[in-house]
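Below is the file coords_13.json, which contains JSON, C-alpha atoms.
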[["chain", "number", "residue", "atom", "x", "y", "z"],
["A", 1, "MET", "CA", -6.93, -20.47, -13.53],
["A", 2, "TYR", "CA", -4.17, -18.69, -11.60],
["A", 3, "ARG", "CA", -5.94, -15.33, -11.67],
["A", 4, "HIS", "CA", -9.27, -16.67, -10.44],
["A", 5, "PHE", "CA", -8.23, -19.45, -8.06],
["A", 6, "PHE", "CA", -4.56, -20.15, -7.35],
["A", 7, "LYS", "CA", -3.64, -16.51, -6.75],
["A", 8, "ARG", "CA", -6.12, -16.25, -3.89],
["A", 9, "LEU", "CA", -5.11, -19.67, -2.56],
["A", 10, "SER", "CA", -1.44, -18.67, -2.53],
["A", 11, "ASP", "CA", -2.36, -15.41, -0.76],
["A", 12, "ILE", "CA", -4.07, -17.34, 2.03],
["A", 13, "VAL", "CA", -1.18, -19.79, 2.45],
["A", 14, "ILE", "CA", 1.60, -17.17, 2.31],
["A", 15, "SER", "CA", -0.13, -14.62, 4.55],
["A", 16, "GLY", "CA", -1.22, -17.28, 7.03],
["A", 17, "CYS", "CA", 2.31, -18.67, 7.31],
["A", 18, "GLY", "CA", 3.69, -15.13, 7.49],
["A", 19, "LEU", "CA", 1.41, -14.19, 10.37],
["A", 20, "ILE", "CA", 2.57, -17.23, 12.34],
["A", 21, "ILE", "CA", 6.28, -17.15, 11.51],
["A", 22, "LEU", "CA", 6.62, -13.39, 11.94],
["A", 23, "SER", "CA", 4.59, -13.19, 15.16],
["A", 24, "PRO", "CA", 7.72, -12.58, 17.31],
["A", 25, "LEU", "CA", 8.70, -9.70, 15.00],
["A", 26, "TYR", "CA", 5.16, -8.32, 15.23],
["A", 27, "LEU", "CA", 5.44, -8.30, 19.01],
["A", 28, "ILE", "CA", 8.82, -6.56, 19.00],
["A", 29, "VAL", "CA", 7.72, -3.88, 16.53],
["A", 30, "ALA", "CA", 4.43, -3.36, 18.39],
["A", 31, "VAL", "CA", 6.24, -2.78, 21.69],
["A", 32, "LEU", "CA", 8.70, -0.37, 20.09],
["A", 33, "VAL", "CA", 5.91, 1.55, 18.38],
["A", 34, "ARG", "CA", 4.01, 1.84, 21.66],
["A", 35, "VAL", "CA", 7.08, 3.11, 23.50],
["A", 36, "LYS", "CA", 8.42, 5.46, 20.82],
["A", 37, "LEU", "CA", 5.28, 6.67, 19.06],
["A", 38, "GLY", "CA", 2.38, 6.04, 21.43],
["A", 39, "SER", "CA", -0.96, 4.37, 20.89],
["A", 40, "PRO", "CA", -2.84, 3.06, 19.10],
["A", 41, "VAL", "CA", -0.07, 0.88, 17.76],
["A", 42, "ILE", "CA", -1.99, 0.02, 14.59],
["A", 43, "PHE", "CA", -2.96, 2.74, 12.12],
["A", 44, "HIS", "CA", -6.29, 2.17, 10.37],
["A", 45, "GLN", "CA", -7.42, 3.92, 7.21],
["A", 46, "GLU", "CA", -10.15, 3.24, 4.67],
["A", 47, "ARG", "CA", -8.92, 2.35, 1.18],
["A", 48, "PRO", "CA", -10.68, 1.16, -1.99],
["A", 49, "GLY", "CA", -10.16, -2.49, -2.88],
["A", 50, "LEU", "CA", -11.53, -4.96, -5.42],
["A", 51, "ASN", "CA", -14.33, -3.36, -7.44],
["A", 52, "GLU", "CA", -13.72, -0.14, -5.46],
["A", 53, "GLU", "CA", -15.25, -1.66, -2.32],
["A", 54, "ILE", "CA", -13.93, 0.11, 0.77],
["A", 55, "PHE", "CA", -11.93, -1.82, 3.37],
["A", 56, "THR", "CA", -9.88, -0.86, 6.42],
["A", 57, "LEU", "CA", -6.14, -1.00, 5.82],
["A", 58, "CYS", "CA", -3.95, -1.92, 8.81],
["A", 59, "LYS", "CA", -0.38, -0.67, 9.28],
["A", 60, "PHE", "CA", 1.94, 0.01, 12.19],
["A", 61, "ARG", "CA", 1.80, 3.69, 13.04],
["A", 62, "THR", "CA", 4.85, 5.71, 12.00],
["A", 63, "MET", "CA", 3.98, 9.18, 13.32],
["A", 64, "THR", "CA", 3.37, 10.74, 16.71],
["A", 65, "ASP", "CA", 0.31, 12.74, 17.74],
["A", 66, "ALA", "CA", 2.37, 15.91, 18.31],
["A", 67, "ARG", "CA", 0.22, 19.06, 18.20],
["A", 68, "GLY", "CA", 0.94, 22.75, 17.91],
["A", 69, "ALA", "CA", -0.06, 25.54, 20.29],
["A", 70, "ASP", "CA", -3.46, 25.71, 18.57],
["A", 71, "GLY", "CA", -4.15, 22.07, 19.42],
["A", 72, "GLU", "CA", -4.02, 20.97, 15.77],
["A", 73, "LEU", "CA", -1.83, 18.10, 14.62],
["A", 74, "LEU", "CA", 1.53, 19.21, 13.29],
["A", 75, "PRO", "CA", 2.36, 18.54, 9.61],
["A", 76, "ASP", "CA", 3.25, 14.94, 8.77],
["A", 77, "ALA", "CA", 6.94, 15.81, 8.29],
["A", 78, "ASP", "CA", 7.09, 17.12, 11.87],
["A", 79, "ARG", "CA", 5.41, 14.05, 13.33],
["A", 80, "LEU", "CA", 7.50, 11.49, 11.45],
["A", 81, "THR", "CA", 10.37, 10.45, 13.72],
["A", 82, "SER", "CA", 13.59, 8.70, 12.74],
["A", 83, "PHE", "CA", 12.08, 5.47, 14.05],
["A", 84, "GLY", "CA", 8.99, 6.00, 11.91],
["A", 85, "SER", "CA", 11.22, 6.63, 8.89],
["A", 86, "PHE", "CA", 13.05, 3.38, 9.64],
["A", 87, "LEU", "CA", 9.77, 1.45, 9.72],
["A", 88, "ARG", "CA", 8.79, 2.88, 6.34],
["A", 89, "LYS", "CA", 12.16, 2.37, 4.67],
["A", 90, "THR", "CA", 12.26, -1.27, 5.78],
["A", 91, "SER", "CA", 8.52, -1.73, 5.06],
["A", 92, "LEU", "CA", 8.06, -3.07, 8.59],
["A", 93, "ASP", "CA", 5.11, -0.70, 8.96],
["A", 94, "GLU", "CA", 3.26, -2.76, 6.36],
["A", 95, "LEU", "CA", 3.48, -6.10, 8.19],
["A", 96, "PRO", "CA", -0.11, -5.84, 9.55],
["A", 97, "GLU", "CA", -1.34, -5.86, 5.95],
["A", 98, "LEU", "CA", -0.77, -9.62, 5.99],
["A", 99, "TRP", "CA", -4.01, -9.73, 7.98],
["A", 100, "ASN", "CA", -5.75, -7.77, 5.21],
["A", 101, "ILE", "CA", -4.41, -10.31, 2.72],
["A", 102, "PHE", "CA", -5.50, -13.30, 4.80],
["A", 103, "LYS", "CA", -9.02, -11.84, 5.10],
["A", 104, "GLY", "CA", -9.26, -11.25, 1.36],
["A", 105, "ASP", "CA", -9.12, -7.44, 1.32],
["A", 106, "MET", "CA", -5.75, -7.52, -0.42],
["A", 107, "SER", "CA", -3.33, -9.74, -2.31],
["A", 108, "ILE", "CA", 0.41, -10.24, -1.94],
["A", 109, "VAL", "CA", 0.93, -8.66, -5.38],
["A", 110, "GLY", "CA", -1.31, -6.05, -6.97],
["A", 111, "PRO", "CA", -1.77, -2.29, -7.37],
["A", 112, "ARG", "CA", -1.16, -0.53, -4.06],
["A", 113, "PRO", "CA", -4.38, 0.64, -2.36],
["A", 114, "LEU", "CA", -4.43, 4.43, -2.57],
["A", 115, "LEU", "CA", -6.65, 7.05, -0.92],
["A", 116, "VAL", "CA", -10.43, 6.81, -1.27],
["A", 117, "GLY", "CA", -10.43, 10.45, -2.33],
["A", 118, "TYR", "CA", -8.53, 9.56, -5.50],
["A", 119, "LEU", "CA", -11.38, 7.49, -6.97],
["A", 120, "PRO", "CA", -12.99, 10.35, -8.98],
["A", 121, "TYR", "CA", -9.62, 11.31, -10.49],
["A", 122, "TYR", "CA", -8.73, 8.07, -12.26],
["A", 123, "THR", "CA", -9.29, 7.85, -16.00],
["A", 124, "LYS", "CA", -11.60, 5.10, -17.24],
["A", 125, "ARG", "CA", -8.57, 3.02, -18.17],
["A", 126, "GLU", "CA", -6.91, 3.58, -14.79],
["A", 127, "GLN", "CA", -10.04, 2.30, -13.07],
["A", 128, "LEU", "CA", -8.92, -1.16, -14.22],
["A", 129, "ARG", "CA", -6.55, -1.13, -11.25],
["A", 130, "HIS", "CA", -9.59, -1.96, -9.10],
["A", 131, "SER", "CA", -10.54, -5.04, -11.13],
["A", 132, "VAL", "CA", -8.08, -7.03, -8.99],
["A", 133, "ARG", "CA", -7.32, -7.01, -5.27],
["A", 134, "PRO", "CA", -4.83, -4.32, -4.21],
["A", 135, "GLY", "CA", -1.42, -5.60, -3.23],
["A", 136, "LEU", "CA", 1.23, -5.42, -0.55],
["A", 137, "THR", "CA", 3.62, -4.76, -3.43],
["A", 138, "GLY", "CA", 3.12, -4.18, -7.11],
["A", 139, "LEU", "CA", 4.64, -3.49, -10.50],
["A", 140, "ALA", "CA", 4.70, 0.26, -9.88],
["A", 141, "GLN", "CA", 6.62, -0.20, -6.62],
["A", 142, "VAL", "CA", 9.40, -2.26, -8.23],
["A", 143, "SER", "CA", 9.56, 0.18, -11.14],
["A", 144, "GLY", "CA", 10.85, 2.97, -8.94],
["A", 145, "ARG", "CA", 8.80, 2.41, -5.76],
["A", 146, "ASN", "CA", 7.07, 5.73, -5.03],
["A", 147, "MET", "CA", 9.54, 7.75, -7.10],
["A", 148, "VAL", "CA", 7.64, 7.64, -10.43],
["A", 149, "LYS", "CA", 5.14, 10.22, -11.62],
["A", 150, "TRP", "CA", 1.43, 9.60, -11.06],
["A", 151, "ASP", "CA", 0.68, 8.96, -14.75],
["A", 152, "ASP", "CA", 3.53, 6.44, -14.98],
["A", 153, "ARG", "CA", 2.65, 4.76, -11.71],
["A", 154, "LEU", "CA", -1.01, 4.30, -12.59],
["A", 155, "ALA", "CA", -0.05, 3.10, -16.06],
["A", 156, "LYS", "CA", 2.07, 0.41, -14.40],
["A", 157, "ASP", "CA", -0.94, -0.65, -12.33],
["A", 158, "VAL", "CA", -3.00, -1.13, -15.49],
["A", 159, "GLU", "CA", -0.11, -2.93, -17.17],
["A", 160, "TYR", "CA", -0.06, -5.36, -14.25],
["A", 161, "VAL", "CA", -3.79, -6.05, -14.47],
["A", 162, "GLU", "CA", -3.62, -6.69, -18.19],
["A", 163, "ASN", "CA", -0.63, -9.05, -17.90],
["A", 164, "LEU", "CA", -1.35, -10.72, -14.56],
["A", 165, "SER", "CA", 0.26, -14.15, -14.34],
["A", 166, "PHE", "CA", 2.06, -16.42, -11.91],
["A", 167, "LEU", "CA", 5.45, -15.64, -13.47],
["A", 168, "LEU", "CA", 4.83, -11.89, -13.28],
["A", 169, "ASP", "CA", 3.92, -12.15, -9.59],
["A", 170, "VAL", "CA", 7.08, -14.15, -8.87],
["A", 171, "LYS", "CA", 9.18, -11.58, -10.76],
["A", 172, "ILE", "CA", 7.62, -8.71, -8.78],
["A", 173, "LEU", "CA", 8.21, -10.47, -5.46],
["A", 174, "TRP", "CA", 11.84, -11.06, -6.35],
["A", 175, "GLN", "CA", 12.30, -7.43, -7.36],
["A", 176, "THR", "CA", 10.50, -6.25, -4.22],
["A", 177, "ALA", "CA", 13.10, -7.95, -2.03],
["A", 178, "ALA", "CA", 15.83, -6.10, -3.91],
["A", 179, "VAL", "CA", 14.00, -2.76, -3.63],
["A", 180, "VAL", "CA", 13.48, -3.10, 0.14],
["A", 181, "LEU", "CA", 17.12, -4.02, 0.68],
["A", 182, "ASN", "CA", 18.18, -0.99, -1.35],
["A", 183, "SER", "CA", 16.70, 1.69, 0.90],
["A", 184, "ASP", "CA", 17.96, 4.46, -1.39],
["A", 185, "SER", "CA", 15.11, 3.64, -3.78],
["A", 186, "VAL", "CA", 12.46, 3.95, -1.09],
["A", 187, "ALA", "CA", 10.42, 7.14, -0.81],
["A", 188, "VAL", "CA", 9.50, 7.67, 2.82],
["A", 189, "GLU", "CA", 6.83, 10.30, 2.22],
["A", 190, "THR", "CA", 4.62, 9.38, -0.73],
["A", 191, "ASP", "CA", 2.66, 12.62, -0.87],
["A", 192, "SER", "CA", 5.68, 14.84, -0.40],
["A", 193, "VAL", "CA", 7.33, 13.11, -3.35],
["A", 194, "GLU", "CA", 4.36, 12.92, -5.70],
["A", 195, "GLY", "CA", 1.88, 15.45, -4.41],
["A", 196, "PHE", "CA", -1.79, 14.55, -4.13],
["A", 197, "LEU", "CA", -3.47, 13.26, -7.26],
["A", 198, "TRP", "CA", -6.24, 15.86, -6.96],
["A", 199, "ASP", "CA", -3.62, 18.62, -7.14],
["A", 200, "GLU", "CA", -2.75, 17.50, -10.67],
["A", 201, "ARG", "CA", -6.10, 16.51, -12.14],
["A", 202, "GLN", "CA", -9.76, 17.43, -12.36],
["A", 203, "PRO", "CA", -12.34, 14.78, -11.42],
["A", 204, "ARG", "CA", -13.97, 12.82, -14.24],
["A", 205, "GLU", "CA", -17.20, 14.27, -15.57],
["A", 206, "ASP", "CA", -19.12, 11.17, -14.50],
["A", 207, "ALA", "CA", -17.71, 11.49, -10.96],
["A", 208, "LYS", "CA", -18.70, 15.09, -10.32]]

Could you quickly redo this structure as structure tokens?
Amino acid sequence: MYRHFFKRLSDIVISGCGLIILSPLYLIVAVLVRVKLGSPVIFHQERPGLNEEIFTLCKFRTMTDARGADGELLPDADRLTSFGSFLRKTSLDELPELWNIFKGDMSIVGPRPLLVGYLPYYTKREQLRHSVRPGLTGLAQVSGRNMVKWDDRLAKDVEYVENLSFLLDVKILWQTAAVVLNSDSVAVETDSVEGFLWDERQPREDAK
């Protein structure tokens, strides 16, 4: 009952209240992002959601549009400012995802939505991560945030799906608060810590 009804209901209530209560914070962050990093203020990127359906993820931008002499964008590390790092470490960049949750693209708790390009590289078992809505936070994130290896992280996503319950979601939310407050456990650059999934694996035979 929780998995198929109350989880979605709680997502709507929590995200709706969050959007209203945090609206002053949204405004402050949006103004600071515009001044320090430029526009657009909101970063949009396609991600796979429930049943691998593609949706547009919304986040506050954390990097500038700085370009080299050749006109190409500089590497991410060169475009990530101290302010952008602060947004990531405090997870303030993820506040716009409450809108994704309210719309039904995401859930408060679930496997984090990763890159669309990773879809062919999941094992059949790991594909279970897309049998639920992706989350703002998840079991993998409170088990080392982005510091764990890909195999371990994806295994945690499957573990969550197989054991999804109200008590597990409450536990993850409680642990998430602790993780965010302890910024030492936060990895600012996911790809620089883990590397891209396609660098470590070959695509599945059925996905070639």

Which polymer residues, whether protein, DNA or RNA, lie within 12 Å of the coordinate (3.0, -0.3, 6.4) when you count all atoms listed in the file? List them as a PyMOL selection string, using the chain letters and numbers from the file. chain A and resi 29+41-45+57-63+84-100+112-113+135-137+188

Once you have the residues from the selection above, write them out as an mmCIF file, in the frame of the given file, restricted to C-alpha atoms.
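Result written to result_36.cif:
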data_model
loop_
_atom_site.group_PDB
_atom_site.id
_atom_site.type_symbol
_atom_site.label_atom_id
_atom_site.label_comp_id
_atom_site.auth_asym_id
_atom_site.auth_seq_id
_atom_site.Cartn_x
_atom_site.Cartn_y
_atom_site.Cartn_z
ATOM 1 C CA VAL A 29 7.720 -3.880 16.530
ATOM 2 C CA VAL A 41 -0.070 0.880 17.760
ATOM 3 C CA ILE A 42 -1.990 0.020 14.590
ATOM 4 C CA PHE A 43 -2.960 2.740 12.120
ATOM 5 C CA HIS A 44 -6.290 2.170 10.370
ATOM 6 C CA GLN A 45 -7.420 3.920 7.210
ATOM 7 C CA LEU A 57 -6.140 -1.000 5.820
ATOM 8 C CA CYS A 58 -3.950 -1.920 8.810
ATOM 9 C CA LYS A 59 -0.380 -0.670 9.280
ATOM 10 C CA PHE A 60 1.940 0.010 12.190
ATOM 11 C CA ARG A 61 1.800 3.690 13.040
ATOM 12 C CA THR A 62 4.850 5.710 12.000
ATOM 13 C CA MET A 63 3.980 9.180 13.320
ATOM 14 C CA GLY A 84 8.990 6.000 11.910
ATOM 15 C CA SER A 85 11.220 6.630 8.890
ATOM 16 C CA PHE A 86 13.050 3.380 9.640
ATOM 17 C CA LEU A 87 9.770 1.450 9.720
ATOM 18 C CA ARG A 88 8.790 2.880 6.340
ATOM 19 C CA LYS A 89 12.160 2.370 4.670
ATOM 20 C CA THR A 90 12.260 -1.270 5.780
ATOM 21 C CA SER A 91 8.520 -1.730 5.060
ATOM 22 C CA LEU A 92 8.060 -3.070 8.590
ATOM 23 C CA ASP A 93 5.110 -0.700 8.960
ATOM 24 C CA GLU A 94 3.260 -2.760 6.360
ATOM 25 C CA LEU A 95 3.480 -6.100 8.190
ATOM 26 C CA PRO A 96 -0.110 -5.840 9.550
ATOM 27 C CA GLU A 97 -1.340 -5.860 5.950
ATOM 28 C CA LEU A 98 -0.770 -9.620 5.990
ATOM 29 C CA TRP A 99 -4.010 -9.730 7.980
ATOM 30 C CA ASN A 100 -5.750 -7.770 5.210
ATOM 31 C CA ARG A 112 -1.160 -0.530 -4.060
ATOM 32 C CA PRO A 113 -4.380 0.640 -2.360
ATOM 33 C CA GLY A 135 -1.420 -5.600 -3.230
ATOM 34 C CA LEU A 136 1.230 -5.420 -0.550
ATOM 35 C CA THR A 137 3.620 -4.760 -3.430
ATOM 36 C CA VAL A 188 9.500 7.670 2.820
#

Could you give me, as a list of chain:residue names, the residues that sit within 9 Å of (-14.8, 0.6, -9.1) in the file's coordinates, counting all atoms listed in the file?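 Result, sorted by chain then residue number: A:Pro48, A:Gly49, A:Leu50, A:Asn51, A:Glu52, A:Glu53, A:Leu119, A:Gln127, A:Leu128, A:Arg129, A:His130, A:Ser131.
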
Excluding segment 193-202 of chain A and residues on its chain fewer than 6 positions from it, collect all residues at most 7 Å away from it, counting all atoms listed in the file, and give them as a list in words. Tyr118, Tyr121, Met147, Lys149 and Trp150 of chain A

For Ala77 of chain A, the nearest of the candidates A:Arg8, A:Lys156, A:Val116, A:Thr64, counting only C-alpha atoms: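 With only C-alpha atoms as the atom set, the closest residue is A:Thr64.
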
Report the distance between atom CA of Pro111 of chain A and atom CA of Pro134 of chain A in Å, rounded to one decimal place.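 Atom CA of Pro134 of chain A lies 4.8 Å from atom CA of Pro111 of chain A.
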
With only C-alpha atoms as the basis for distance, which of A:Asp78, A:Glu72, A:Asp169, A:Asp152 is at the shortest distance from Ile108 of chain A? A:Asp169

Separation of atom CA of Glu46 of chain A and atom CA of Arg204 of chain A, in Å? 21.5 Å

For each of A:Val170, A:Leu9, A:Val179, A:Leu19, take the minimum atom-to-atom distance to Ala140 of chain A, counting all atoms listed in the file, then give the residue where this is smallest.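 Going through A:Val170, A:Leu9, A:Val179, A:Leu19 one by one, the smallest distance to Ala140 of chain A is for A:Val179.
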
Between atom CA of Val132 of chain A and atom CA of Arg3 of chain A, what is the spacing in Å? 9.0 Å

Which is closest to Phe5 of chain A among A:Ser143, A:Ser165, A:Ser39, A:Thr123, if we use only C-alpha atoms?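 With only C-alpha atoms as the atom set, the closest residue is A:Ser165.
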
Find, counting only C-alpha atoms, the residue in A:Val158, A:Gly104, A:Val142, A:Gly16 that gets nearest to Lys124 of chain A. A:Val158

Residue contacts of Asp157 of chain A (8 Å, all atoms listed in the file) excluding same-chain residues fewer than 2 positions away, as an mmCIF file with C-alpha atoms, keeping the file's coordinate frame:
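Result file follows (around-v8.cif):
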data_model
loop_
_atom_site.group_PDB
_atom_site.id
_atom_site.type_symbol
_atom_site.label_atom_id
_atom_site.label_comp_id
_atom_site.auth_asym_id
_atom_site.auth_seq_id
_atom_site.Cartn_x
_atom_site.Cartn_y
_atom_site.Cartn_z
ATOM 1 C CA GLY A 110 -1.310 -6.050 -6.970
ATOM 2 C CA PRO A 111 -1.770 -2.290 -7.370
ATOM 3 C CA GLU A 126 -6.910 3.580 -14.790
ATOM 4 C CA ARG A 129 -6.550 -1.130 -11.250
ATOM 5 C CA GLY A 138 3.120 -4.180 -7.110
ATOM 6 C CA LEU A 139 4.640 -3.490 -10.500
ATOM 7 C CA ALA A 140 4.700 0.260 -9.880
ATOM 8 C CA ARG A 153 2.650 4.760 -11.710
ATOM 9 C CA LEU A 154 -1.010 4.300 -12.590
ATOM 10 C CA ALA A 155 -0.050 3.100 -16.060
ATOM 11 C CA GLU A 159 -0.110 -2.930 -17.170
ATOM 12 C CA TYR A 160 -0.060 -5.360 -14.250
ATOM 13 C CA VAL A 161 -3.790 -6.050 -14.470
#
